[in-house]
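Enquirer: Please see the structure below; I have some questions.
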Amino acid sequence: MTDNIDVLIKKMCDREEEESFVFADRLAEIGGEEVLNRLVALLKDEDIENAYLAARALSAMDNNEAALDPLLEVINDHKYKMKNGTLVQALEGFDLSTKFVDILRIYLFGNFKASLLAKEYLDFTEFDITPRVIRKAEKHYNHFLNNEPGDEAVDIKKQEAAEILADLKSMFEGEEE
């Protein structure tokens, strides 16, 4: 099995291969801990195309929860900020219910595509929200307010994020922490 995985990874990462996504999809079908670990290692590959393909495969795998934090780490890496939209797109294959703060950060600080995708997740994912999660999200929101230059897109994000946080806070009004 390891030999087959090695061959598929090699073909997936081959720049001459025109349909490398087929090999990524095959790796996702095989799944398992070995494939997951090998693909997580590829997320940090110097070649962003390999990271995209690894993220695609991880997103399609069953039992992929161990890959979520490494994927978020790569998405938030400043060296990928202007080209992480495809990585953010791969989040659709993961259970994001405990990752509200991470998704809000991507929305606030991400490039256009990443931010747009993160907004979709914010709008359509059922998150596990607690007062603590809201406080952590507010810290990132306040950092955004204090560090982003004002322009129309930033103003829209400010307004939308403020509304999201206000809605979440209203869920806990009158409760003691």
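Within each chain, counting starts at residue 1; across the structure tokens, chains are named A, B, ... in the order shown, with ligands numbered 1 upward in that order.
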I'd like the neighbourhood of segment 20-30 of chain A as an mmCIF file with all heavy atoms, in the first residue's frame, where a residue qualifies if any of its atoms comes within 9 Å (using only C-alpha atoms), though same-chain residues fewer than 4 positions away should be ignored.

Expert:
```
data_model
loop_
_atom_site.group_PDB
_atom_site.id
_atom_site.type_symbol
_atom_site.label_atom_id
_atom_site.label_comp_id
_atom_site.auth_asym_id
_atom_site.auth_seq_id
_atom_site.Cartn_x
_atom_site.Cartn_y
_atom_site.Cartn_z
ATOM 1 N N ILE A 5 0.818 4.583 -2.486
ATOM 2 C CA ILE A 5 0.687 5.952 -1.981
ATOM 3 C C ILE A 5 1.853 6.797 -2.482
ATOM 4 O O ILE A 5 1.660 7.927 -2.939
ATOM 5 C CB ILE A 5 0.592 5.965 -0.437
ATOM 6 C CG1 ILE A 5 -0.719 5.310 0.000
ATOM 7 C CG2 ILE A 5 0.710 7.387 0.106
ATOM 8 C CD1 ILE A 5 -0.808 5.024 1.480
ATOM 9 N N LEU A 8 1.267 7.621 -6.141
ATOM 10 C CA LEU A 8 0.197 8.610 -6.316
ATOM 11 C C LEU A 8 0.658 10.012 -5.904
ATOM 12 O O LEU A 8 0.353 10.999 -6.584
ATOM 13 C CB LEU A 8 -1.040 8.207 -5.518
ATOM 14 C CG LEU A 8 -1.785 6.982 -6.044
ATOM 15 C CD1 LEU A 8 -2.870 6.552 -5.057
ATOM 16 C CD2 LEU A 8 -2.390 7.256 -7.416
ATOM 17 N N ILE A 9 1.393 10.107 -4.805
ATOM 18 C CA ILE A 9 1.901 11.411 -4.362
ATOM 19 C C ILE A 9 2.887 11.966 -5.378
ATOM 20 O O ILE A 9 2.848 13.144 -5.730
ATOM 21 C CB ILE A 9 2.500 11.322 -2.945
ATOM 22 C CG1 ILE A 9 1.366 11.165 -1.929
ATOM 23 C CG2 ILE A 9 3.349 12.550 -2.625
ATOM 24 C CD1 ILE A 9 1.806 10.952 -0.503
ATOM 25 N N LYS A 11 3.013 11.335 -8.581
ATOM 26 C CA LYS A 11 2.279 11.767 -9.769
ATOM 27 C C LYS A 11 1.492 13.046 -9.490
ATOM 28 O O LYS A 11 1.415 13.929 -10.345
ATOM 29 C CB LYS A 11 1.344 10.660 -10.259
ATOM 30 C CG LYS A 11 2.090 9.530 -10.924
ATOM 31 C CD LYS A 11 1.128 8.523 -11.503
ATOM 32 C CE LYS A 11 1.900 7.448 -12.209
ATOM 33 N NZ LYS A 11 1.337 7.112 -13.501
ATOM 34 N N MET A 12 0.918 13.144 -8.300
ATOM 35 C CA MET A 12 0.156 14.338 -7.939
ATOM 36 C C MET A 12 1.061 15.576 -7.941
ATOM 37 O O MET A 12 0.654 16.651 -8.372
ATOM 38 C CB MET A 12 -0.478 14.164 -6.549
ATOM 39 C CG MET A 12 -1.285 15.357 -6.080
ATOM 40 S SD MET A 12 -1.912 15.163 -4.392
ATOM 41 C CE MET A 12 -0.439 15.601 -3.450
ATOM 42 N N CYS A 13 2.287 15.422 -7.496
ATOM 43 C CA CYS A 13 3.219 16.548 -7.381
ATOM 44 C C CYS A 13 4.034 16.802 -8.647
ATOM 45 O O CYS A 13 4.806 17.760 -8.698
ATOM 46 C CB CYS A 13 4.160 16.319 -6.199
ATOM 47 S SG CYS A 13 3.313 16.307 -4.607
ATOM 48 N N ASP A 14 3.859 15.964 -9.644
ATOM 49 C CA ASP A 14 4.606 16.109 -10.893
ATOM 50 C C ASP A 14 4.068 17.298 -11.684
ATOM 51 O O ASP A 14 2.908 17.311 -12.096
ATOM 52 C CB ASP A 14 4.482 14.823 -11.713
ATOM 53 C CG ASP A 14 5.267 14.844 -13.011
ATOM 54 O OD1 ASP A 14 5.836 15.900 -13.366
ATOM 55 O OD2 ASP A 14 5.308 13.789 -13.679
ATOM 56 N N ARG A 15 4.890 18.305 -11.913
ATOM 57 C CA ARG A 15 4.474 19.526 -12.621
ATOM 58 C C ARG A 15 4.136 19.248 -14.087
ATOM 59 O O ARG A 15 3.457 20.041 -14.716
ATOM 60 C CB ARG A 15 5.577 20.593 -12.557
ATOM 61 C CG ARG A 15 5.851 21.102 -11.185
ATOM 62 C CD ARG A 15 4.675 21.825 -10.624
ATOM 63 N NE ARG A 15 5.057 23.206 -10.332
ATOM 64 C CZ ARG A 15 4.219 24.188 -10.297
ATOM 65 N NH1 ARG A 15 2.967 23.990 -10.554
ATOM 66 N NH2 ARG A 15 4.611 25.398 -9.997
ATOM 67 N N GLU A 16 4.626 18.148 -14.623
ATOM 68 C CA GLU A 16 4.329 17.796 -16.019
ATOM 69 C C GLU A 16 2.985 17.075 -16.145
ATOM 70 O O GLU A 16 2.447 16.953 -17.239
ATOM 71 C CB GLU A 16 5.440 16.905 -16.585
ATOM 72 C CG GLU A 16 6.832 17.527 -16.546
ATOM 73 C CD GLU A 16 6.904 18.805 -17.372
ATOM 74 O OE1 GLU A 16 6.398 18.821 -18.516
ATOM 75 O OE2 GLU A 16 7.456 19.797 -16.864
ATOM 76 N N VAL A 35 -1.966 8.282 4.627
ATOM 77 C CA VAL A 35 -2.227 9.274 3.576
ATOM 78 C C VAL A 35 -2.418 10.652 4.199
ATOM 79 O O VAL A 35 -1.838 11.636 3.732
ATOM 80 C CB VAL A 35 -3.464 8.876 2.728
ATOM 81 C CG1 VAL A 35 -3.862 9.993 1.792
ATOM 82 C CG2 VAL A 35 -3.188 7.595 1.954
ATOM 83 N N LEU A 36 -3.190 10.727 5.269
ATOM 84 C CA LEU A 36 -3.423 12.002 5.929
ATOM 85 C C LEU A 36 -2.100 12.641 6.369
ATOM 86 O O LEU A 36 -1.855 13.820 6.094
ATOM 87 C CB LEU A 36 -4.347 11.815 7.148
ATOM 88 C CG LEU A 36 -4.755 13.103 7.824
ATOM 89 C CD1 LEU A 36 -6.246 13.116 8.113
ATOM 90 C CD2 LEU A 36 -3.994 13.303 9.107
ATOM 91 N N LEU A 39 -0.097 13.894 3.362
ATOM 92 C CA LEU A 39 -0.692 15.091 2.758
ATOM 93 C C LEU A 39 -0.526 16.318 3.654
ATOM 94 O O LEU A 39 -0.282 17.419 3.161
ATOM 95 C CB LEU A 39 -2.172 14.851 2.447
ATOM 96 C CG LEU A 39 -2.451 13.841 1.334
ATOM 97 C CD1 LEU A 39 -3.943 13.520 1.261
ATOM 98 C CD2 LEU A 39 -1.935 14.328 -0.008
ATOM 99 N N LEU A 53 -3.049 20.911 -3.907
ATOM 100 C CA LEU A 53 -3.488 19.543 -4.199
ATOM 101 C C LEU A 53 -3.642 18.729 -2.913
ATOM 102 O O LEU A 53 -4.597 17.956 -2.779
ATOM 103 C CB LEU A 53 -2.508 18.867 -5.159
ATOM 104 C CG LEU A 53 -2.541 19.425 -6.581
ATOM 105 C CD1 LEU A 53 -1.295 19.012 -7.360
ATOM 106 C CD2 LEU A 53 -3.809 18.972 -7.296
ATOM 107 N N ALA A 54 -2.727 18.903 -1.980
ATOM 108 C CA ALA A 54 -2.833 18.211 -0.695
ATOM 109 C C ALA A 54 -4.095 18.659 0.039
ATOM 110 O O ALA A 54 -4.823 17.833 0.601
ATOM 111 C CB ALA A 54 -1.588 18.474 0.150
ATOM 112 N N ALA A 55 -4.364 19.959 0.025
ATOM 113 C CA ALA A 55 -5.565 20.477 0.682
ATOM 114 C C ALA A 55 -6.826 19.917 0.027
ATOM 115 O O ALA A 55 -7.783 19.560 0.723
ATOM 116 C CB ALA A 55 -5.565 22.000 0.635
ATOM 117 N N ARG A 56 -6.806 19.823 -1.286
ATOM 118 C CA ARG A 56 -7.957 19.256 -2.009
ATOM 119 C C ARG A 56 -8.209 17.821 -1.554
ATOM 120 O O ARG A 56 -9.344 17.442 -1.273
ATOM 121 C CB ARG A 56 -7.683 19.298 -3.514
ATOM 122 C CG ARG A 56 -8.744 18.612 -4.353
ATOM 123 C CD ARG A 56 -8.291 18.434 -5.796
ATOM 124 N NE ARG A 56 -9.209 17.643 -6.565
ATOM 125 C CZ ARG A 56 -10.027 18.134 -7.499
ATOM 126 N NH1 ARG A 56 -10.018 19.414 -7.773
ATOM 127 N NH2 ARG A 56 -10.837 17.337 -8.171
ATOM 128 N N ALA A 57 -7.136 17.021 -1.502
ATOM 129 C CA ALA A 57 -7.277 15.621 -1.100
ATOM 130 C C ALA A 57 -7.733 15.515 0.348
ATOM 131 O O ALA A 57 -8.633 14.732 0.676
ATOM 132 C CB ALA A 57 -5.950 14.889 -1.303
ATOM 133 N N LEU A 58 -7.141 16.307 1.221
ATOM 134 C CA LEU A 58 -7.523 16.265 2.638
ATOM 135 C C LEU A 58 -8.987 16.651 2.826
ATOM 136 O O LEU A 58 -9.698 16.064 3.643
ATOM 137 C CB LEU A 58 -6.619 17.182 3.462
ATOM 138 C CG LEU A 58 -5.189 16.681 3.632
ATOM 139 C CD1 LEU A 58 -4.287 17.809 4.120
ATOM 140 C CD2 LEU A 58 -5.149 15.493 4.596
ATOM 141 N N SER A 59 -9.436 17.629 2.079
ATOM 142 C CA SER A 59 -10.813 18.087 2.172
ATOM 143 C C SER A 59 -11.802 16.984 1.807
ATOM 144 O O SER A 59 -12.879 16.886 2.385
ATOM 145 C CB SER A 59 -11.015 19.293 1.246
ATOM 146 O OG SER A 59 -12.340 19.745 1.277
ATOM 147 N N ALA A 60 -11.420 16.145 0.862
ATOM 148 C CA ALA A 60 -12.308 15.090 0.374
ATOM 149 C C ALA A 60 -12.226 13.805 1.188
ATOM 150 O O ALA A 60 -13.041 12.902 0.994
ATOM 151 C CB ALA A 60 -11.987 14.795 -1.091
ATOM 152 N N MET A 61 -11.263 13.711 2.086
ATOM 153 C CA MET A 61 -11.069 12.488 2.872
ATOM 154 C C MET A 61 -12.097 12.360 3.985
ATOM 155 O O MET A 61 -12.539 13.357 4.552
ATOM 156 C CB MET A 61 -9.673 12.482 3.524
ATOM 157 C CG MET A 61 -8.562 12.135 2.597
ATOM 158 S SD MET A 61 -6.935 12.182 3.416
ATOM 159 C CE MET A 61 -7.116 10.892 4.632
ATOM 160 N N ASP A 62 -12.423 11.124 4.329
ATOM 161 C CA ASP A 62 -13.180 10.856 5.548
ATOM 162 C C ASP A 62 -12.208 10.948 6.717
ATOM 163 O O ASP A 62 -10.995 10.772 6.546
ATOM 164 C CB ASP A 62 -13.778 9.449 5.508
ATOM 165 C CG ASP A 62 -14.871 9.315 4.447
ATOM 166 O OD1 ASP A 62 -15.555 10.319 4.157
ATOM 167 O OD2 ASP A 62 -15.031 8.192 3.913
#
```

Enquirer: Could you give me, as CSV, a per-residue list for segment 46-84 of chain A showing, wherever an atom lies at most 12 Å from an atom of segment 98-116 of chain A, the closest pair of atoms and their distance in Å to one decimal, using only C-alpha atoms and sorting by chain then residue number from low to high?

Expert:
```
residue,atom,partner,partner_atom,distance
A:Glu65,CA,A:Thr98,CA,11.2
A:Leu68,CA,A:Lys99,CA,9.5
A:Asp69,CA,A:Lys99,CA,9.4
A:Leu71,CA,A:Asp102,CA,11.2
A:Leu72,CA,A:Asp102,CA,7.6
A:Glu73,CA,A:Asp102,CA,9.7
A:Val74,CA,A:Ile106,CA,11.6
A:Ile75,CA,A:Ile106,CA,8.1
A:Asn76,CA,A:Ile106,CA,7.5
A:Asp77,CA,A:Gly110,CA,10.6
A:His78,CA,A:Gly110,CA,9.8
A:Tyr80,CA,A:Asn111,CA,9.8
A:Lys81,CA,A:Asn111,CA,6.5
A:Met82,CA,A:Asn111,CA,5.8
A:Lys83,CA,A:Asn111,CA,7.8
A:Asn84,CA,A:Ala114,CA,6.5
```

Enquirer: So what do you get for atom CA of Glu126 of chain A versus atom CA of Glu148 of chain A, distance-wise?

Expert: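 Going from atom CA of Glu126 of chain A over to atom CA of Glu148 of chain A covers 28.0 Å.
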
Enquirer: Residues of segment 38-171 of chain A in helix (DSSP H, G or I) according to DSSP, as a ChimeraX atom specification?

Expert: /A:38-43,48-60,65-75,78-83,85-93,100-109,112-124,131-147,152-171

Enquirer: Measuring atom to atom with only C-alpha atoms, identify which of A:Tyr52, A:Pro131, A:Ser97, A:Asp155 is nearest to Gly174 of chain A.

Expert: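 That would be A:Pro131, the residue with the smallest distance to Gly174 of chain A.
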
Enquirer: A:Thr86, A:Ala137, A:Asp6, A:Leu122: which is nearest Ala51 of chain A, counting only C-alpha atoms?

Expert: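 Selected residue with least distance to Ala51 of chain A: A:Thr86.
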
Enquirer: Residues within 10 Å of Arg135 of chain A, please, as a list in words. Count only C-alpha atoms; anything in the same chain fewer than 4 positions from it doesn't count.

Expert: Val101, Thr130, Pro131, Lys139, His140, Tyr141, Leu165 and Lys169 of chain A

Enquirer: Can those selected residues be exported to a file as a compact mmCIF listing (two decimals), in the first residue's frame so that it contains N, CA, C and O atoms?

Expert:
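New file part_23.txt:
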```txt
# COMPACT_ATOMS: atom_id res chain seq x y z
N VAL A 101 -13.66 31.47 15.45
CA VAL A 101 -12.65 32.52 15.56
C VAL A 101 -11.68 32.45 14.38
O VAL A 101 -11.34 33.49 13.79
N THR A 130 -19.71 30.15 22.43
CA THR A 130 -19.76 30.39 23.88
C THR A 130 -19.34 31.83 24.12
O THR A 130 -18.75 32.46 23.22
N PRO A 131 -19.59 32.36 25.30
CA PRO A 131 -19.11 33.72 25.59
C PRO A 131 -17.60 33.84 25.40
O PRO A 131 -17.11 34.87 24.94
N LYS A 139 -11.47 40.20 20.18
CA LYS A 139 -10.05 40.61 20.20
C LYS A 139 -9.53 40.74 18.77
O LYS A 139 -8.84 41.71 18.44
N HIS A 140 -9.84 39.79 17.93
CA HIS A 140 -9.39 39.85 16.54
C HIS A 140 -10.08 40.99 15.80
O HIS A 140 -9.45 41.67 14.99
N TYR A 141 -11.34 41.19 16.08
CA TYR A 141 -12.07 42.29 15.46
C TYR A 141 -11.46 43.63 15.86
O TYR A 141 -11.24 44.50 15.01
N LEU A 165 -21.00 39.83 15.44
CA LEU A 165 -20.66 39.78 16.86
C LEU A 165 -21.84 40.25 17.72
O LEU A 165 -22.10 39.67 18.79
N LYS A 169 -23.57 38.01 20.58
CA LYS A 169 -23.67 38.50 21.96
C LYS A 169 -25.11 38.48 22.46
O LYS A 169 -25.36 38.15 23.62
```
